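Have a look at final_38.txt below; it lists compact mmCIF, C-alpha atoms and all ligand atoms.
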# COMPACT_ATOMS: atom_id res chain seq x y z
CA MET A 28 7.51 -14.95 2.96
CA GLN A 29 4.82 -13.11 4.88
CA HIS A 30 6.07 -9.71 5.92
CA ILE A 31 5.21 -6.25 7.22
CA ILE A 32 5.68 -3.01 5.30
CA PRO A 33 5.76 0.22 7.33
CA ALA A 34 3.50 2.96 5.93
CA ILE A 35 4.38 6.65 5.83
CA LEU A 36 1.55 9.12 5.33
CA GLU A 37 2.89 12.63 5.72
CA THR A 38 1.97 16.13 4.69
CA ASN A 39 5.46 17.60 4.83
CA ALA A 40 8.96 16.70 3.71
CA VAL A 41 10.56 17.16 7.15
CA ASP A 42 8.41 14.50 8.83
CA LEU A 43 8.77 12.22 5.84
CA ALA A 44 12.54 12.46 6.12
CA LYS A 45 12.41 11.83 9.88
CA LYS A 46 10.41 8.66 9.48
CA LEU A 47 12.62 7.35 6.70
CA LYS A 48 15.60 7.93 8.92
CA VAL A 49 14.00 5.87 11.68
CA LEU A 50 13.37 3.06 9.22
CA ALA A 51 16.80 3.15 7.55
CA LYS A 52 18.40 -0.30 7.72
CA ASN A 53 15.40 -1.60 9.67
CA THR A 54 13.18 -2.54 6.75
CA GLN A 55 13.60 -3.29 3.10
CA TRP A 56 10.20 -2.06 1.94
CA VAL A 57 8.44 1.22 2.73
CA HIS A 58 4.87 2.04 1.70
CA ILE A 59 4.38 5.70 0.79
CA ASP A 60 0.83 7.08 0.81
CA VAL A 61 0.08 9.65 -1.87
CA MET A 62 -3.18 11.63 -1.72
CA ASP A 63 -4.34 14.33 -4.10
CA GLY A 64 -7.26 15.91 -2.24
CA LEU A 65 -9.60 14.65 -4.97
CA PHE A 66 -9.79 10.88 -4.76
CA VAL A 67 -9.68 11.39 -1.01
CA GLN A 68 -10.13 14.71 0.77
CA GLU A 69 -6.68 14.68 2.30
CA THR A 70 -3.44 15.64 0.63
CA SER A 71 0.08 14.37 1.22
CA VAL A 72 3.62 15.57 0.66
CA SER A 73 4.71 15.43 -2.98
CA LEU A 74 6.64 12.37 -4.08
CA SER A 75 9.36 14.68 -5.35
CA ALA A 76 10.43 15.08 -1.69
CA LEU A 77 11.69 11.49 -1.88
CA GLU A 78 13.89 12.29 -4.85
CA LYS A 79 16.14 14.39 -2.65
CA LEU A 80 16.30 12.00 0.29
CA GLY A 81 18.23 9.17 -1.22
CA GLU A 82 17.55 6.57 1.51
CA ALA A 83 17.77 3.13 0.04
CA PHE A 84 14.43 1.34 0.27
CA ASP A 85 12.16 -0.64 -1.95
CA TYR A 86 9.31 1.82 -2.27
CA GLU A 87 5.72 0.71 -2.66
CA ILE A 88 3.81 3.80 -3.77
CA HIS A 89 0.12 3.82 -2.92
CA LEU A 90 -1.60 6.30 -5.21
CA MET A 91 -4.87 7.44 -3.68
CA VAL A 92 -5.39 9.84 -6.55
CA ARG A 93 -7.80 10.49 -9.35
CA ASP A 94 -5.24 10.57 -12.15
CA PRO A 95 -2.64 7.87 -11.42
CA ALA A 96 -1.03 8.05 -14.87
CA SER A 97 0.20 11.56 -14.18
CA TYR A 98 2.26 10.29 -11.20
CA LEU A 99 4.13 7.52 -12.97
CA ALA A 100 7.12 9.52 -14.22
CA LEU A 101 7.74 10.72 -10.67
CA CYS A 102 7.41 7.17 -9.35
CA GLN A 103 10.12 6.18 -11.79
CA ALA A 104 12.31 9.13 -10.79
CA ILE A 105 12.38 7.81 -7.22
CA LEU A 106 12.94 4.27 -8.51
CA ALA A 107 9.72 2.92 -7.05
CA LYS A 108 9.64 -0.84 -6.89
CA ARG A 109 5.86 -1.23 -6.92
CA VAL A 110 3.12 1.24 -7.80
CA ILE A 111 -0.47 0.66 -6.74
CA PHE A 112 -3.50 2.65 -7.80
CA HIS A 113 -7.18 2.54 -6.94
CA ILE A 114 -9.54 1.12 -9.50
CA GLU A 115 -12.48 3.09 -8.07
CA GLY A 116 -13.37 6.32 -9.77
CA ILE A 117 -11.10 5.84 -12.75
CA LYS A 118 -12.80 6.05 -16.12
CA ASP A 119 -10.39 3.89 -18.06
CA PRO A 120 -8.05 1.64 -16.07
CA GLU A 121 -6.80 0.19 -19.36
CA LEU A 122 -5.15 3.52 -20.17
CA VAL A 123 -3.39 3.53 -16.80
CA PHE A 124 -2.07 0.01 -17.44
CA GLN A 125 -0.84 1.03 -20.88
CA GLU A 126 1.06 3.92 -19.34
CA MET A 127 2.43 1.68 -16.60
CA GLN A 128 3.84 -0.71 -19.16
CA LYS A 129 6.39 1.96 -20.06
CA TYR A 130 7.97 1.59 -16.63
CA PRO A 131 9.78 -1.28 -14.94
CA PHE A 132 7.98 -1.21 -11.58
CA GLU A 133 5.54 -3.87 -10.39
CA ARG A 134 1.90 -2.94 -10.85
CA GLY A 135 -0.87 -3.24 -8.35
CA ILE A 136 -4.49 -2.36 -7.77
CA ALA A 137 -5.91 -1.23 -4.44
CA LEU A 138 -9.48 -2.01 -3.47
CA ASN A 139 -11.48 0.03 -0.99
CA PRO A 140 -13.26 -1.98 1.73
CA LYS A 141 -16.59 -1.76 -0.08
CA THR A 142 -15.31 -2.61 -3.56
CA GLN A 143 -16.00 -6.20 -4.38
CA VAL A 144 -13.58 -8.60 -6.03
CA PRO A 145 -15.35 -8.88 -9.43
CA ALA A 146 -14.27 -5.27 -10.06
CA ILE A 147 -10.73 -6.46 -10.68
CA LYS A 148 -11.37 -9.78 -12.44
CA LYS A 149 -10.84 -8.18 -15.84
CA TRP A 150 -7.47 -6.78 -14.82
CA GLN A 151 -6.13 -9.69 -12.86
CA ARG A 152 -3.66 -10.73 -15.55
CA GLN A 153 -2.24 -7.23 -15.77
CA ILE A 154 -1.23 -6.92 -12.16
CA ASP A 155 1.50 -8.22 -9.89
CA ALA A 156 -0.21 -7.32 -6.63
CA LEU A 157 -3.56 -6.62 -5.09
CA LEU A 158 -3.86 -4.40 -2.04
CA LEU A 159 -7.02 -4.74 0.03
CA MET A 160 -7.78 -1.70 2.14
CA GLY A 161 -8.62 -2.61 5.73
CA VAL A 162 -9.90 0.94 6.29
CA HIS A 163 -11.35 3.73 4.17
CA PRO A 164 -8.43 5.52 2.52
CA GLY A 165 -7.29 8.93 3.74
CA ARG A 166 -6.00 8.63 7.29
CA GLN A 167 -3.91 6.57 9.63
CA GLY A 168 -5.17 5.28 12.95
CA GLN A 169 -8.57 3.95 11.89
CA GLU A 170 -10.07 0.68 13.03
CA PHE A 171 -9.78 -2.41 10.83
CA ILE A 172 -13.01 -3.38 9.03
CA PRO A 173 -13.42 -7.12 9.74
CA MET A 174 -15.44 -7.98 6.62
CA VAL A 175 -12.25 -7.40 4.61
CA LEU A 176 -11.02 -10.74 5.99
CA GLU A 177 -13.73 -12.59 4.04
CA LYS A 178 -12.68 -10.86 0.84
CA LEU A 179 -9.12 -11.82 1.57
CA ARG A 180 -9.97 -15.48 2.16
CA ALA A 181 -11.98 -15.68 -1.06
CA LEU A 182 -9.22 -14.09 -3.08
CA ARG A 183 -6.60 -16.40 -1.60
CA MET A 184 -8.71 -19.42 -2.45
CA PHE A 185 -9.45 -18.46 -6.05
CA SER A 186 -6.16 -16.73 -6.88
CA PRO A 187 -3.51 -18.66 -4.97
CA ASP A 188 -0.64 -17.05 -6.87
CA ILE A 189 -1.45 -13.37 -6.66
CA LEU A 190 0.56 -11.21 -4.26
CA LEU A 191 -1.95 -10.05 -1.67
CA GLY A 192 -1.43 -7.13 0.67
CA VAL A 193 -3.70 -5.62 3.30
CA ASP A 194 -3.42 -1.95 4.20
CA GLY A 195 -4.83 -0.08 7.17
CA GLY A 196 -6.03 -0.76 10.69
CA ILE A 197 -3.46 -3.47 11.37
CA GLY A 198 -1.84 -3.79 14.79
CA GLN A 199 -1.16 -6.37 17.45
CA ASP A 200 -4.81 -7.38 17.70
CA THR A 201 -5.40 -7.84 13.95
CA ILE A 202 -2.09 -8.87 12.44
CA GLU A 203 -2.46 -12.61 13.00
CA LYS A 204 -5.94 -12.63 11.48
CA VAL A 205 -4.83 -11.00 8.26
CA PHE A 206 -2.02 -13.45 7.74
CA GLU A 207 -4.20 -16.43 8.66
CA ALA A 208 -6.69 -15.24 6.04
CA GLY A 209 -3.99 -15.40 3.40
CA ALA A 210 -2.22 -12.05 3.14
CA ASP A 211 1.35 -12.07 1.86
CA TYR A 212 2.10 -8.74 3.45
CA ALA A 213 0.54 -6.23 5.81
CA VAL A 214 0.98 -2.47 5.56
CA VAL A 215 1.18 -0.90 9.03
CA GLY A 216 1.16 2.80 9.88
CA SER A 217 0.02 3.84 13.35
CA GLY A 218 0.62 0.31 14.67
CA ILE A 219 4.28 1.31 14.41
CA TRP A 220 4.36 5.10 14.63
CA LYS A 221 2.17 5.52 17.70
CA HIS A 222 4.82 3.76 19.76
CA ARG A 223 7.72 5.62 21.33
CA ASP A 224 10.11 3.13 19.74
CA PRO A 225 8.67 2.45 16.27
CA VAL A 226 11.38 -0.03 15.33
CA ALA A 227 10.74 -2.10 18.46
CA ALA A 228 7.01 -2.05 17.60
CA LEU A 229 7.79 -3.24 14.08
CA ARG A 230 9.96 -6.05 15.42
CA LYS A 231 7.23 -7.09 17.85
CA LEU A 232 4.69 -7.34 15.03
CA GLU A 233 7.16 -9.25 12.90
CA ALA A 234 7.78 -11.70 15.73
CA MET A 235 4.02 -12.35 15.93
CA VAL A 236 3.84 -13.54 12.34
CA GLN A 237 7.06 -15.44 11.87
C1 LIG A 301 -4.73 4.92 4.51
C2 LIG A 301 -3.34 4.55 4.00
C3 LIG A 301 -2.66 3.52 4.84
C4 LIG A 301 -2.28 4.04 6.22
C5 LIG A 301 -2.08 2.91 7.19
O1 LIG A 301 -5.28 5.81 3.66
O2 LIG A 301 -3.41 4.06 2.69
O3 LIG A 301 -1.49 3.04 4.18
O4 LIG A 301 -1.10 4.81 6.14
O5 LIG A 301 -2.08 3.42 8.48
P1 LIG A 301 -2.76 2.62 9.70
O6 LIG A 301 -1.96 1.36 9.82
O7 LIG A 301 -2.61 3.55 10.85
O8 LIG A 301 -4.19 2.36 9.34
ZN ZN A 302 -1.60 3.05 1.98
Please express the file's structure as structure tokens.
Ligand code: DX5
Ligand code: ZN
Amino acid sequence: MQHIIPAILETNAVDLAKKLKVLAKNTQWVHIDVMDGLFVQETSVSLSALEKLGEAFDYEIHLMVRDPASYLALCQAILAKRVIFHIEGIKDPELVFQEMQKYPFERGIALNPKTQVPAIKKWQRQIDALLLMGVHPGRQGQEFIPMVLEKLRALRMFSPDILLGVDGGIGQDTIEKVFEAGADYAVVGSGIWKHRDPVAALRKLEAMVQ
């Protein structure tokens, strides 16, 4: 079923905890953005902050980092359900996949807006999910890049079975387009958090796609 996953991109554990509290019992999945200051300039709160929080969610961890393999043990410690890493800038994705095989979580690749689909062809059999970035990674609140819709349509046509997510720039004016183009899920940050009542905003978006 097509669905929405709220995104949390935070630099400190207090705000992370606040947002998780808002989402508690209001969503099954939560997308956590992890940034190392190398793959992208920005940094985020350490995943270890989640270890102590104990809210029950299915976590999708989005690793915007240069060395994804070094984060996997921590992803397991917080019982991540799905871990996604960027194929760009990694010397040997095969090594990352080998490491990932030691863990039970679903595996996914994220593609920056400019990265074309052939970059993942070789790895398609190794992954459960593909996350297309609708914005350049690093920040919330950016505008959706429309050419990503074409990539999405092409992928949906040629890989009907793959789980396809879109992340970034999605709000009331873009949500229908992403699902029409074939997304299985949309990751939404500011489209929820900029509203005074984030849960009401989430429900409104959900109502638009169901
Ligand atoms: C961008 C992150 C996104 C972001 C989405 O680097 O990967 O997950 O949190 O936020 P919005 O929806 O505001 O673009
Ligand atoms: Zn993300």
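Straight-line separation from atom O1 of ligand LIG 301 (chain A) to atom CA of Arg166 of chain A: 4.7 Å.
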TODO: With all atoms listed in the file counted, which protein, DNA or RNA residues have an atom no more than 8 Å from (20.1, 1.6, 1.9) in the file frame? Please answer as number ranges by chain.
DONE: A: 51-52, 82-84
Task: Env. residues ligand ZN 302 (chain A) / 7 Å / all atoms listed in the file / as a list in words - done: Ala34, His58, Ile59, Asp60, His89, Asp194 and Gly195 of chain A
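Of the listed residues (A:Tyr86, A:Trp220, A:Trp56, A:Tyr212), A:Trp220 comes nearest to ligand LIG 301 (chain A); the distances count only C-alpha atoms and all ligand atoms.
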Would you give me, as a Markdown table, each residue of segment 141-185 of chain A having an atom within 6 Å of an atom of segment 196-202 of chain A, along with its shortest atom pair and that distance in Å to one decimal, using only C-alpha atoms and sorting by chain and residue number?
| residue | atom | partner | partner_atom | distance |
| --- | --- | --- | --- | --- |
| A:Gly161 | CA | A:Gly196 | CA | 5.9 |
| A:Gln169 | CA | A:Gly196 | CA | 5.5 |
| A:Glu170 | CA | A:Gly196 | CA | 4.9 |
| A:Phe171 | CA | A:Gly196 | CA | 4.1 |
Can I get segment 149-160 of chain A with all heavy atoms filled in, as a CSV table (one decimal), keeping the file's coordinate frame?
chain,number,residue,atom,x,y,z
A,149,LYS,N,-11.3,-8.5,-14.5
A,149,LYS,CA,-10.8,-8.2,-15.8
A,149,LYS,C,-9.4,-7.8,-15.9
A,149,LYS,O,-8.7,-8.0,-16.9
A,149,LYS,CB,-11.7,-7.0,-16.3
A,149,LYS,CG,-11.8,-6.8,-17.7
A,149,LYS,CD,-12.7,-5.6,-18.0
A,149,LYS,CE,-12.4,-5.0,-19.3
A,149,LYS,NZ,-13.1,-3.7,-19.5
A,150,TRP,N,-8.8,-7.3,-14.8
A,150,TRP,CA,-7.5,-6.8,-14.8
A,150,TRP,C,-6.5,-7.7,-14.2
A,150,TRP,O,-5.3,-7.4,-14.1
A,150,TRP,CB,-7.4,-5.4,-14.1
A,150,TRP,CG,-8.6,-4.5,-14.4
A,150,TRP,CD1,-9.6,-4.2,-13.7
A,150,TRP,CD2,-8.7,-3.9,-15.7
A,150,TRP,NE1,-10.5,-3.4,-14.4
A,150,TRP,CE2,-10.0,-3.2,-15.6
A,150,TRP,CE3,-8.0,-3.8,-16.9
A,150,TRP,CZ2,-10.5,-2.4,-16.7
A,150,TRP,CZ3,-8.5,-3.1,-17.9
A,150,TRP,CH2,-9.7,-2.4,-17.8
A,151,GLN,N,-7.0,-8.8,-13.7
A,151,GLN,CA,-6.1,-9.7,-12.9
A,151,GLN,C,-4.8,-10.1,-13.5
A,151,GLN,O,-3.8,-10.2,-12.9
A,151,GLN,CB,-6.9,-10.9,-12.4
A,151,GLN,CG,-6.4,-11.5,-11.1
A,151,GLN,CD,-7.5,-12.3,-10.5
A,151,GLN,OE1,-8.6,-12.1,-10.6
A,151,GLN,NE2,-7.0,-13.4,-9.8
A,152,ARG,N,-4.9,-10.3,-14.8
A,152,ARG,CA,-3.7,-10.7,-15.6
A,152,ARG,C,-2.7,-9.6,-15.7
A,152,ARG,O,-1.5,-9.8,-16.1
A,152,ARG,CB,-4.0,-11.3,-16.9
A,152,ARG,CG,-4.9,-12.5,-16.9
A,152,ARG,CD,-4.3,-13.5,-17.8
A,152,ARG,NE,-4.9,-14.8,-17.5
A,152,ARG,CZ,-5.7,-15.5,-18.4
A,152,ARG,NH1,-5.9,-15.0,-19.5
A,152,ARG,NH2,-6.3,-16.6,-18.0
A,153,GLN,N,-3.1,-8.4,-15.5
A,153,GLN,CA,-2.2,-7.2,-15.8
A,153,GLN,C,-1.5,-6.8,-14.5
A,153,GLN,O,-0.7,-5.9,-14.6
A,153,GLN,CB,-3.1,-6.0,-16.2
A,153,GLN,CG,-4.0,-6.3,-17.3
A,153,GLN,CD,-3.8,-5.3,-18.4
A,153,GLN,OE1,-2.7,-4.9,-18.7
A,153,GLN,NE2,-4.9,-5.0,-19.1
A,154,ILE,N,-1.8,-7.4,-13.4
A,154,ILE,CA,-1.2,-6.9,-12.2
A,154,ILE,C,-0.3,-7.9,-11.5
A,154,ILE,O,-0.5,-9.1,-11.6
A,154,ILE,CB,-2.3,-6.4,-11.2
A,154,ILE,CG1,-3.3,-7.6,-10.8
A,154,ILE,CG2,-3.0,-5.2,-11.7
A,154,ILE,CD1,-4.3,-7.2,-9.8
A,155,ASP,N,0.6,-7.4,-10.7
A,155,ASP,CA,1.5,-8.2,-9.9
A,155,ASP,C,1.0,-8.3,-8.5
A,155,ASP,O,1.3,-9.3,-7.8
A,155,ASP,CB,2.9,-7.6,-9.8
A,155,ASP,CG,3.5,-7.4,-11.2
A,155,ASP,OD1,3.7,-8.4,-11.9
A,155,ASP,OD2,3.7,-6.2,-11.6
A,156,ALA,N,0.2,-7.3,-8.0
A,156,ALA,CA,-0.2,-7.3,-6.6
A,156,ALA,C,-1.6,-6.7,-6.5
A,156,ALA,O,-2.0,-5.9,-7.3
A,156,ALA,CB,0.8,-6.5,-5.8
A,157,LEU,N,-2.2,-7.2,-5.4
A,157,LEU,CA,-3.6,-6.6,-5.1
A,157,LEU,C,-3.5,-6.2,-3.6
A,157,LEU,O,-3.1,-6.9,-2.8
A,157,LEU,CB,-4.6,-7.7,-5.3
A,157,LEU,CG,-6.1,-7.3,-5.2
A,157,LEU,CD1,-6.4,-6.3,-6.3
A,157,LEU,CD2,-6.9,-8.6,-5.5
A,158,LEU,N,-3.9,-4.9,-3.4
A,158,LEU,CA,-3.9,-4.4,-2.0
A,158,LEU,C,-5.3,-4.2,-1.5
A,158,LEU,O,-6.0,-3.3,-2.1
A,158,LEU,CB,-3.1,-3.1,-2.0
A,158,LEU,CG,-2.8,-2.4,-0.7
A,158,LEU,CD1,-1.9,-3.3,0.2
A,158,LEU,CD2,-2.2,-1.0,-0.9
A,159,LEU,N,-5.7,-4.9,-0.5
A,159,LEU,CA,-7.0,-4.7,0.0
A,159,LEU,C,-7.0,-3.7,1.2
A,159,LEU,O,-6.2,-3.9,2.1
A,159,LEU,CB,-7.5,-6.1,0.6
A,159,LEU,CG,-7.7,-7.2,-0.4
A,159,LEU,CD1,-8.4,-8.4,0.3
A,159,LEU,CD2,-8.6,-6.8,-1.6
A,160,MET,N,-7.8,-2.7,1.1
A,160,MET,CA,-7.8,-1.7,2.1
A,160,MET,C,-8.6,-2.3,3.3
A,160,MET,O,-9.7,-2.8,3.2
A,160,MET,CB,-8.5,-0.4,1.7
A,160,MET,CG,-7.7,0.3,0.6
A,160,MET,SD,-6.0,0.7,1.0
A,160,MET,CE,-6.2,1.9,2.3
